[in-house]
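K.L.:
Dropping in target-v2.cif, which is mmCIF, C-alpha atoms and all ligand atoms:
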```
data_entry
#
loop_
_atom_site.label_atom_id
_atom_site.label_comp_id
_atom_site.auth_asym_id
_atom_site.auth_seq_id
_atom_site.Cartn_x
_atom_site.Cartn_y
_atom_site.Cartn_z
CA MET L 108 21.15 28.27 34.59
CA LYS L 109 19.12 26.73 31.81
CA ALA L 110 15.83 28.43 30.90
CA VAL L 111 13.35 28.55 28.06
CA ARG L 112 12.90 32.13 26.88
CA ILE L 113 11.01 33.84 24.09
CA HIS L 114 12.83 36.58 22.15
CA GLN L 115 9.81 37.31 19.96
CA PHE L 116 6.09 36.49 20.06
CA GLY L 117 4.72 33.65 17.95
CA GLY L 118 4.12 29.90 17.78
CA PRO L 119 5.82 27.18 19.84
CA GLU L 120 8.97 27.62 17.70
CA VAL L 121 9.82 30.87 19.54
CA LEU L 122 10.43 28.90 22.78
CA THR L 123 14.24 28.72 23.07
CA TYR L 124 16.14 26.50 25.53
CA GLU L 125 19.30 28.39 26.45
CA ASP L 126 21.76 29.53 29.12
CA VAL L 127 20.87 32.63 31.12
CA ALA L 128 22.44 34.28 34.17
CA ASP L 129 21.40 32.86 37.57
CA PRO L 130 18.97 35.16 39.43
CA ARG L 131 20.16 36.63 42.74
CA PRO L 132 17.65 36.97 45.61
CA ARG L 133 17.06 40.38 47.19
CA LYS L 134 17.32 40.55 50.98
CA ASP L 135 13.57 39.90 51.31
CA GLU L 136 13.55 37.09 48.75
CA VAL L 137 14.12 33.36 48.60
CA LEU L 138 16.02 31.56 45.84
CA VAL L 139 14.15 28.44 44.74
CA ARG L 140 15.37 25.58 42.54
CA VAL L 141 12.45 24.83 40.21
CA ARG L 142 11.57 21.11 40.16
CA ALA L 143 8.26 21.40 38.31
CA CYS L 144 6.33 24.11 36.47
CA ALA L 145 2.76 23.58 35.26
CA LEU L 146 1.42 25.09 32.04
CA ASN L 147 -1.70 27.27 31.75
CA HIS L 148 -3.50 28.76 28.76
CA LEU L 149 -1.98 32.05 29.91
CA ASP L 150 1.39 30.72 28.68
CA VAL L 151 -0.02 30.50 25.16
CA TRP L 152 -1.52 34.01 25.32
CA VAL L 153 1.81 35.44 26.53
CA ARG L 154 3.80 33.49 23.92
CA LYS L 155 1.55 34.86 21.16
CA GLY L 156 1.96 38.40 22.53
CA LEU L 157 0.37 40.37 25.38
CA PRO L 158 0.93 44.04 26.27
CA GLY L 159 3.29 44.59 29.20
CA VAL L 160 5.58 41.66 28.37
CA THR L 161 9.20 42.69 27.85
CA LEU L 162 11.46 40.46 25.76
CA PRO L 163 13.35 38.24 26.28
CA HIS L 164 10.88 36.64 28.65
CA ILE L 165 10.49 33.44 30.72
CA LEU L 166 6.98 31.91 30.83
CA GLY L 167 5.45 29.75 33.55
CA SER L 168 3.10 30.61 36.45
CA ASP L 169 2.83 27.47 38.59
CA ILE L 170 6.05 26.52 40.34
CA ALA L 171 7.16 23.94 42.89
CA GLY L 172 10.71 23.31 44.03
CA GLU L 173 13.25 23.48 46.83
CA ILE L 174 14.69 26.45 48.71
CA VAL L 175 18.35 26.99 47.77
CA GLU L 176 19.10 30.24 49.60
CA LEU L 177 17.34 32.62 51.98
CA GLY L 178 17.72 36.40 51.65
CA GLU L 179 19.23 38.16 54.66
CA TYR L 180 15.89 39.40 56.03
CA VAL L 181 14.02 36.15 55.43
CA GLY L 182 16.20 34.19 57.83
CA GLU L 183 15.15 36.59 60.58
CA PHE L 184 11.44 35.75 60.28
CA PRO L 185 10.61 33.83 63.45
CA VAL L 186 7.32 32.58 62.01
CA GLY L 187 8.31 31.72 58.42
CA GLY L 188 10.49 28.87 59.54
CA PHE L 189 12.05 28.46 56.11
CA LYS L 190 15.21 26.47 55.67
CA THR L 191 17.36 25.50 52.71
CA GLY L 192 16.27 22.25 51.08
CA GLN L 193 12.65 22.82 52.10
CA ARG L 194 10.02 21.70 49.57
CA VAL L 195 7.73 24.56 48.57
CA LEU L 196 5.28 25.86 46.02
CA LEU L 197 5.07 29.48 44.93
CA ALA L 198 2.02 31.71 44.89
CA PRO L 199 1.56 32.65 41.22
CA MET L 200 0.37 36.16 42.08
CA HIS L 201 2.80 39.09 41.78
CA PHE L 202 1.85 42.25 43.72
CA CYS L 203 3.53 45.24 45.36
CA GLY L 204 2.79 44.20 48.95
CA HIS L 205 2.46 47.73 50.36
CA CYS L 206 -0.40 49.58 48.61
CA PRO L 207 -3.80 49.98 50.38
CA LYS L 208 -5.26 47.03 48.43
CA CYS L 209 -2.32 44.73 49.22
CA VAL L 210 -2.24 45.54 52.95
CA ALA L 211 -6.03 44.98 53.01
CA GLY L 212 -5.39 41.48 51.67
CA LEU L 213 -6.86 42.27 48.24
CA GLN L 214 -3.69 41.53 46.27
CA ASN L 215 -5.56 40.81 43.03
CA GLN L 216 -6.78 44.44 43.03
CA CYS L 217 -3.23 45.87 43.38
CA ARG L 218 -2.31 48.18 40.50
CA GLU L 219 0.92 46.21 40.04
CA PHE L 220 -0.91 42.89 40.10
CA THR L 221 0.19 40.38 37.52
CA VAL L 222 0.88 36.67 37.32
CA LEU L 223 4.29 35.00 37.36
CA GLY L 224 5.27 34.42 33.73
CA ASN L 225 3.00 37.21 32.46
CA ALA L 226 4.44 40.72 33.03
CA VAL L 227 7.29 39.28 35.14
CA ASP L 228 9.54 36.29 34.48
CA GLY L 229 8.13 32.89 35.45
CA GLY L 230 9.29 29.37 36.19
CA ASN L 231 10.35 27.76 32.90
CA CYS L 232 13.91 27.77 34.25
CA GLU L 233 16.10 26.16 36.93
CA LEU L 234 16.21 28.96 39.53
CA ILE L 235 13.83 31.75 40.54
CA ALA L 236 14.14 34.54 43.14
CA ILE L 237 10.79 35.27 44.79
CA PRO L 238 9.48 37.36 47.73
CA ALA L 239 9.27 35.26 50.90
CA ALA L 240 5.53 35.99 51.22
CA SER L 241 4.94 33.99 48.04
CA VAL L 242 6.76 30.86 49.30
CA ILE L 243 4.57 28.16 50.88
CA ALA L 244 5.84 24.87 52.36
CA ILE L 245 4.26 21.70 50.96
CA PRO L 246 3.66 18.35 52.70
CA ASP L 247 5.53 15.17 51.69
CA THR L 248 2.25 13.70 50.41
CA LEU L 249 2.47 15.97 47.34
CA ASP L 250 5.19 15.38 44.76
CA PHE L 251 6.56 18.37 42.86
CA ASP L 252 4.47 17.72 39.73
CA GLN L 253 1.27 17.59 41.80
CA ALA L 254 2.25 20.67 43.84
CA ALA L 255 2.96 22.70 40.67
CA SER L 256 -0.47 21.69 39.32
CA VAL L 257 -2.33 23.38 42.17
CA PRO L 258 -1.83 27.12 42.69
CA LEU L 259 -3.22 29.04 39.70
CA VAL L 260 -6.30 26.97 38.93
CA PHE L 261 -7.27 26.20 42.53
CA VAL L 262 -6.91 29.82 43.71
CA THR L 263 -8.86 30.95 40.63
CA ALA L 264 -11.70 28.45 41.18
CA TRP L 265 -11.85 29.18 44.94
CA HIS L 266 -12.04 32.95 44.35
CA MET L 267 -14.78 32.40 41.73
CA LEU L 268 -17.00 30.04 43.68
CA VAL L 269 -16.40 30.97 47.30
CA THR L 270 -15.28 34.61 47.39
CA ARG L 271 -17.19 36.01 44.40
CA ALA L 272 -20.26 33.77 43.94
CA GLY L 273 -20.63 32.95 47.66
CA VAL L 274 -21.41 29.26 47.08
CA ARG L 275 -23.61 27.71 49.75
CA PRO L 276 -24.11 24.05 50.73
CA GLY L 277 -26.65 22.22 48.64
CA GLN L 278 -26.68 24.57 45.66
CA THR L 279 -26.56 23.36 42.06
CA VAL L 280 -23.45 24.43 40.16
CA LEU L 281 -22.74 24.16 36.43
CA VAL L 282 -19.00 23.92 35.70
CA LEU L 283 -18.05 24.51 32.06
CA GLY L 284 -15.09 22.57 30.69
CA ALA L 285 -14.55 19.63 33.06
CA SER L 286 -11.13 18.78 31.65
CA SER L 287 -9.63 22.24 32.14
CA GLY L 288 -7.59 23.03 35.22
CA VAL L 289 -10.20 25.48 36.52
CA GLY L 290 -12.96 22.94 35.76
CA ILE L 291 -11.20 20.17 37.69
CA ALA L 292 -10.72 22.49 40.66
CA ALA L 293 -14.26 23.95 40.53
CA ILE L 294 -15.94 20.51 40.42
CA GLN L 295 -14.09 19.44 43.56
CA ILE L 296 -14.64 22.73 45.43
CA ALA L 297 -18.38 22.63 44.67
CA LYS L 298 -18.51 19.04 45.98
CA LEU L 299 -16.62 20.16 49.11
CA PHE L 300 -19.66 22.42 49.71
CA ARG L 301 -22.00 19.45 49.15
CA CYS L 302 -23.32 20.99 45.95
CA ARG L 303 -24.92 19.14 43.06
CA VAL L 304 -22.47 19.50 40.16
CA ILE L 305 -23.27 19.45 36.46
CA THR L 306 -20.30 19.66 34.11
CA THR L 307 -19.53 19.65 30.38
CA ALA L 308 -16.85 18.08 28.19
CA GLY L 309 -16.31 17.11 24.57
CA ASP L 310 -16.13 13.33 24.93
CA GLU L 311 -17.26 10.46 27.15
CA THR L 312 -13.75 9.65 28.45
CA LYS L 313 -13.41 13.16 29.88
CA LEU L 314 -16.94 13.03 31.35
CA GLU L 315 -16.08 9.73 33.04
CA LYS L 316 -13.01 11.31 34.64
CA ALA L 317 -15.15 14.29 35.74
CA ARG L 318 -17.61 11.91 37.43
CA ALA L 319 -14.67 10.24 39.20
CA LEU L 320 -13.82 13.69 40.64
CA GLY L 321 -17.36 13.97 42.00
CA ALA L 322 -19.44 15.52 39.21
CA ASP L 323 -23.04 14.28 39.47
CA PHE L 324 -24.02 14.90 35.83
CA GLY L 325 -22.02 15.21 32.61
CA ILE L 326 -23.12 16.94 29.41
CA ASN L 327 -21.38 16.26 26.09
CA HIS L 328 -21.29 19.79 24.67
CA TYR L 329 -20.78 18.51 21.10
CA GLN L 330 -23.81 16.23 21.15
CA GLN L 331 -26.18 17.87 23.64
CA LYS L 332 -27.52 21.40 24.15
CA ILE L 333 -26.25 22.49 27.56
CA SER L 334 -29.29 24.51 28.66
CA ASP L 335 -31.73 21.77 27.58
CA GLU L 336 -29.87 19.17 29.60
CA VAL L 337 -29.65 21.52 32.60
CA ARG L 338 -33.42 22.04 32.42
CA LYS L 339 -33.97 18.27 32.45
CA ILE L 340 -31.54 17.64 35.30
CA THR L 341 -32.91 20.49 37.47
CA ASN L 342 -36.57 19.86 36.70
CA LYS L 343 -36.74 23.17 34.77
CA ALA L 344 -35.34 25.20 37.69
CA GLY L 345 -31.83 26.01 36.38
CA VAL L 346 -28.61 26.24 38.38
CA ASP L 347 -27.61 28.62 41.18
CA ILE L 348 -24.10 29.26 39.84
CA VAL L 349 -22.39 28.86 36.46
CA VAL L 350 -18.57 28.69 36.45
CA GLU L 351 -17.61 30.19 33.04
CA HIS L 352 -14.21 30.55 31.42
CA VAL L 353 -14.99 29.58 27.82
CA GLY L 354 -16.59 32.75 26.45
CA PRO L 355 -18.66 33.17 23.24
CA ALA L 356 -18.83 29.42 22.46
CA THR L 357 -20.86 28.71 25.61
CA TRP L 358 -22.00 32.12 26.96
CA ASP L 359 -25.63 32.05 25.77
CA GLU L 360 -26.09 28.49 27.02
CA SER L 361 -24.52 29.46 30.35
CA VAL L 362 -26.91 32.41 30.83
CA LYS L 363 -29.91 30.27 29.82
CA SER L 364 -28.89 27.60 32.36
CA LEU L 365 -29.21 30.00 35.34
CA LYS L 366 -32.21 29.93 37.63
CA SER L 367 -33.89 33.21 38.57
CA SER L 368 -31.48 35.18 40.81
CA GLY L 369 -28.64 32.86 39.74
CA SER L 370 -25.03 34.00 39.34
CA LEU L 371 -22.67 33.56 36.43
CA VAL L 372 -19.02 33.97 37.42
CA THR L 373 -16.33 34.15 34.74
CA CYS L 374 -12.54 34.14 34.79
CA GLY L 375 -11.67 33.73 31.15
CA ALA L 376 -12.36 34.15 27.47
CA THR L 377 -10.76 31.13 25.83
CA THR L 378 -12.93 31.37 22.70
CA GLY L 379 -12.88 35.19 22.41
CA PRO L 380 -13.75 38.39 24.28
CA ASP L 381 -17.15 39.48 22.89
CA VAL L 382 -20.49 38.18 24.19
CA LYS L 383 -24.06 39.50 24.15
CA ILE L 384 -26.46 39.85 27.03
CA ASP L 385 -30.23 40.32 26.71
CA LEU L 386 -30.95 43.02 29.29
CA ARG L 387 -34.58 41.82 29.63
CA HIS L 388 -33.28 38.48 30.94
CA LEU L 389 -30.72 40.18 33.16
CA PHE L 390 -33.26 42.35 35.01
CA ALA L 391 -36.43 40.27 34.81
CA ARG L 392 -34.69 37.11 36.04
CA GLN L 393 -32.52 39.17 38.44
CA LEU L 394 -29.30 37.54 37.30
CA THR L 395 -25.86 38.41 38.65
CA LEU L 396 -22.79 38.55 36.38
CA LEU L 397 -19.49 38.38 38.25
CA GLY L 398 -15.95 38.89 36.99
CA SER L 399 -13.17 37.08 38.83
CA TYR L 400 -9.41 37.34 38.37
CA MET L 401 -7.02 34.91 40.08
CA GLY L 402 -7.45 35.35 43.85
CA THR L 403 -5.95 36.75 47.03
CA MET L 404 -3.27 35.24 49.24
CA ALA L 405 -6.05 34.45 51.73
CA ASP L 406 -7.92 32.51 49.02
CA LEU L 407 -4.73 30.62 48.16
CA HIS L 408 -3.89 29.67 51.76
CA GLU L 409 -7.50 28.61 52.39
CA VAL L 410 -7.74 26.37 49.33
CA LEU L 411 -4.26 24.93 49.93
CA GLY L 412 -5.41 23.82 53.38
CA HIS L 413 -7.92 21.56 51.68
CA VAL L 414 -5.38 20.35 49.09
CA PHE L 415 -2.78 19.56 51.76
CA ALA L 416 -5.41 17.64 53.77
CA GLY L 417 -6.26 15.58 50.67
CA ARG L 418 -9.83 16.91 50.32
CA LEU L 419 -9.00 18.52 46.97
CA LYS L 420 -6.74 16.72 44.51
CA PRO L 421 -4.50 18.06 41.74
CA VAL L 422 -4.72 16.15 38.46
CA VAL L 423 -1.52 15.78 36.41
CA ASP L 424 -2.05 14.75 32.80
CA ARG L 425 1.49 14.57 31.39
CA VAL L 426 5.04 15.57 32.28
CA PHE L 427 7.66 16.82 29.76
CA PRO L 428 11.34 17.76 30.24
CA LEU L 429 11.76 21.57 30.22
CA LYS L 430 13.90 21.35 27.08
CA ASP L 431 10.83 19.91 25.29
CA LEU L 432 8.62 22.87 26.21
CA ARG L 433 7.68 23.34 22.54
CA ALA L 434 6.15 19.85 22.48
CA ALA L 435 4.35 20.62 25.74
CA HIS L 436 2.84 23.79 24.22
CA GLU L 437 1.77 21.90 21.09
CA TYR L 438 0.12 19.27 23.29
CA LEU L 439 -1.64 21.99 25.36
CA GLU L 440 -3.02 23.65 22.23
CA LYS L 441 -4.52 20.36 21.02
CA SER L 442 -6.69 20.33 24.21
CA GLN L 443 -6.59 16.54 24.47
CA MET L 444 -5.49 16.60 28.14
CA PHE L 445 -7.48 16.05 31.31
CA GLY L 446 -5.59 17.97 33.96
CA LYS L 447 -2.30 19.78 34.06
CA ILE L 448 0.72 19.60 31.78
CA VAL L 449 3.95 19.92 33.75
CA VAL L 450 7.57 20.50 32.74
CA ASN L 451 10.63 19.45 34.77
CA PRO L 452 13.93 21.39 34.44
ZN ZN D 1 -0.22 46.45 45.94
#
```
Using structure tokens, write down the structure that the file contains.
P.N.:
Amino acid sequence: MKAVRIHQFGGPEVLTYEDVADPRPRKDEVLVRVRACALNHLDVWVRKGLPGVTLPHILGSDIAGEIVELGEYVGEFPVGGFKTGQRVLLAPMHFCGHCPKCVAGLQNQCREFTVLGNAVDGGNCELIAIPAASVIAIPDTLDFDQAASVPLVFVTAWHMLVTRAGVRPGQTVLVLGASSGVGIAAIQIAKLFRCRVITTAGDETKLEKARALGADFGINHYQQKISDEVRKITNKAGVDIVVEHVGPATWDESVKSLKSSGSLVTCGATTGPDVKIDLRHLFARQLTLLGSYMGTMADLHEVLGHVFAGRLKPVVDRVFPLKDLRAAHEYLEKSQMFGKIVVNP
């Protein structure tokens, strides 16, 4: 098959379109022909070099495609109902499936937990062999590019807002980075819970698109101070929940934007890993700081129910051919997109 692999870490130039051996499914696996694979910032981190990545390596976490072949044991599942030619998306989470955490449904706490395309090969290729538990049928209303744009960011945003921060109807939620995949998902999930949503972006075009997704207020983070605007919008009260993934560039503003007993939930560190916290604010205002990493299979199935019913919508920005993955990475790193960048093998 054709695949894009990296043989060394570095810039987009290390992405190499080449022939590799077809994968063979184990007896408990399904062989899927990849029709679309969405990019995430994780792809850039892995390309630049992360521990645990063995070279050569195939990037790509978000995959949609068609079933080509069922492993011997998969065909025996009476409930799975898989058949060849079926349109599916793949859960981006990789886990052992049999440790105490996995069998308790807490796959993102498994010691073997990783993401497709991170410590294991991903979907920047034509064929992938994947455990049957990770294969999920998609409705005809979603094309492959849309389906590939869903899993990682929607499961991440659902786990952050619903599972970790316990969002409740009517709360006020501040979503950092409206144009990011997690931002687009978090805005819509917060609106699903009838929340008031404030979001941030770097230009008016992106803020307009965020309002079209349901955001009630937009803050231009280059021209306005986030916490000042939040104070005005909330009549000095602050927000119940901040959805963070930016890091040092916004952290202080995010903490300042919280109301007393508010929660900040974070899933990323796009602008760096080190932030400060004033302990006097943390205890006196009784704030909660929550870490969140991907999500569980239960989170994924729950959020997909809303996507498949049309209540949550994937946003595709631009589609590239797989052989032009370098151009797709360069486009991703310019951060001009609103929504997901997708490649087609
Ligand atoms: Zn496990």
K.L.:
Which value, in Å to one decimal, gives the distance between CA of Gly375 (chain L) and CA of Tyr438 (chain L)?
P.N.:
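Pair CA of Gly375 (chain L) / CA of Tyr438 (chain L) returns 20.2 Å.
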K.L.:
Excluding Pro421 (chain L) and any residue of its chain fewer than 2 positions from it, enumerate the residues within 12 Å of it, using only C-alpha atoms, and give them as a PyMOL selection string.
P.N.:
chain L and resi 145+248-261+287-296+320+410-411+413-415+417-419+423-424+445-449
K.L.:
Quick one: residues within 9 Å of His388 (chain L), all atoms listed in the file counted, chain neighbours fewer than 5 positions away excluded, as a compact mmCIF listing (two decimals) with C-alpha atoms, keeping the file's coordinate frame?
P.N.:
```txt
# COMPACT_ATOMS: atom_id res chain seq x y z
CA VAL L 362 -26.91 32.41 30.83
CA LYS L 363 -29.91 30.27 29.82
CA GLN L 393 -32.52 39.17 38.44
CA LEU L 394 -29.30 37.54 37.30
```
K.L.:
Give me, please, the distance in Å between CA of Asn451 (chain L) and CA of Ile170 (chain L), quoted to one decimal.
P.N.:
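Going from CA of Asn451 (chain L) over to CA of Ile170 (chain L), I get 10.1 Å.
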K.L.:
For CA of Phe202 (chain L) and CA of Gly117 (chain L), determine how far apart the two atoms are, in Å to one decimal place.
P.N.:
27.3 Å
K.L.:
Give as an MDAnalysis selection string the residues surrounding ligand ZN 1 (chain D) up to a distance of 8 Å, considering only C-alpha atoms and all ligand atoms.
P.N.:
chainID L and resid 202:210 214 216:220
K.L.:
So which residues touch Val127 (chain L) within 9 Å, counting all atoms listed in the file, skipping near sequence neighbours fewer than 4 positions away, as a VMD selection string?
P.N.:
chain L and resid 108 to 110
K.L.:
Which residue out of L:Gly156, L:Glu351, L:Asn231, L:Leu268 has the minimum interatomic distance to Asp431 (chain L) when all atoms listed in the file are used?
P.N.:
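For Asp431 (chain L), the nearest of the given residues is L:Asn231.
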K.L.:
Looking at all atoms listed in the file, which of L:His164, L:Lys298, L:Arg275, L:Lys430 is the one that sits closest to Leu223 (chain L)?
P.N.:
L:His164
K.L.:
Could you check which of L:Phe324, L:Asn342, L:Phe300, L:Pro163 is closest to Trp265 (chain L), using all atoms listed in the file?
P.N.:
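Looking at the shortest contact to Trp265 (chain L), the residue is L:Phe300.
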K.L.:
Show which residues sit within 9 Å of Ala240 (chain L), as a PDB file with C-alpha atoms, in the frame of the given file. Count all atoms listed in the file, and ignore same-chain residues fewer than 2 positions away.
P.N.:
```pdb
ATOM      1  CA  ASP L 135      13.570  39.900  51.310  1.00  0.00           C
ATOM      2  CA  GLU L 136      13.550  37.090  48.750  1.00  0.00           C
ATOM      3  CA  GLY L 187       8.310  31.720  58.420  1.00  0.00           C
ATOM      4  CA  ALA L 198       2.020  31.710  44.890  1.00  0.00           C
ATOM      5  CA  GLY L 204       2.790  44.200  48.950  1.00  0.00           C
ATOM      6  CA  ILE L 237      10.790  35.270  44.790  1.00  0.00           C
ATOM      7  CA  PRO L 238       9.480  37.360  47.730  1.00  0.00           C
ATOM      8  CA  VAL L 242       6.760  30.860  49.300  1.00  0.00           C
ATOM      9  CA  ILE L 243       4.570  28.160  50.880  1.00  0.00           C
TER      10      ILE L 243
END
```
K.L.:
Rank nothing, just name the residue among L:Glu360, L:Arg433, L:Gly369, L:Gly402 nearest to Glu336 (chain L), using all atoms listed in the file.
P.N.:
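Looking at the shortest contact to Glu336 (chain L), the residue is L:Glu360.
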K.L.:
Using only C-alpha atoms, which of the listed residues (L:Val450, L:Leu371, L:Leu213, L:Leu281) sits closest to Val141 (chain L)?
P.N.:
L:Val450
K.L.:
Smallest atom-to-atom distance to Ala285 (chain L): which of L:Gly309, L:Ile165, L:Ala264, L:Ala226, using all atoms listed in the file?
P.N.:
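Between L:Gly309, L:Ile165, L:Ala264, L:Ala226, the residue approaching Ala285 (chain L) most closely is L:Gly309.
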K.L.:
Please provide the set of residues having any atom within 8 Å of Arg303 (chain L), restricted to only C-alpha atoms, with same-chain residues fewer than 4 positions apart removed, written as a compact mmCIF listing (two decimals) with C-alpha atoms, in the coordinates of the input.
P.N.:
```txt
# COMPACT_ATOMS: atom_id res chain seq x y z
CA GLY L 277 -26.65 22.22 48.64
CA GLN L 278 -26.68 24.57 45.66
CA THR L 279 -26.56 23.36 42.06
CA VAL L 280 -23.45 24.43 40.16
CA ALA L 297 -18.38 22.63 44.67
CA LYS L 298 -18.51 19.04 45.98
CA ALA L 322 -19.44 15.52 39.21
CA ASP L 323 -23.04 14.28 39.47
```
K.L.:
Emit as AutoDock Vina command-line options the padded axis-aligned box for all listed atoms of region 156-168 of chain L, 4 Å per side, with centre and edge lengths in Å to one decimal.
P.N.:
```
--center_x 6.9 --center_y 37.2 --center_z 29.5 --size_x 21.0 --size_y 22.8 --size_z 21.9
```
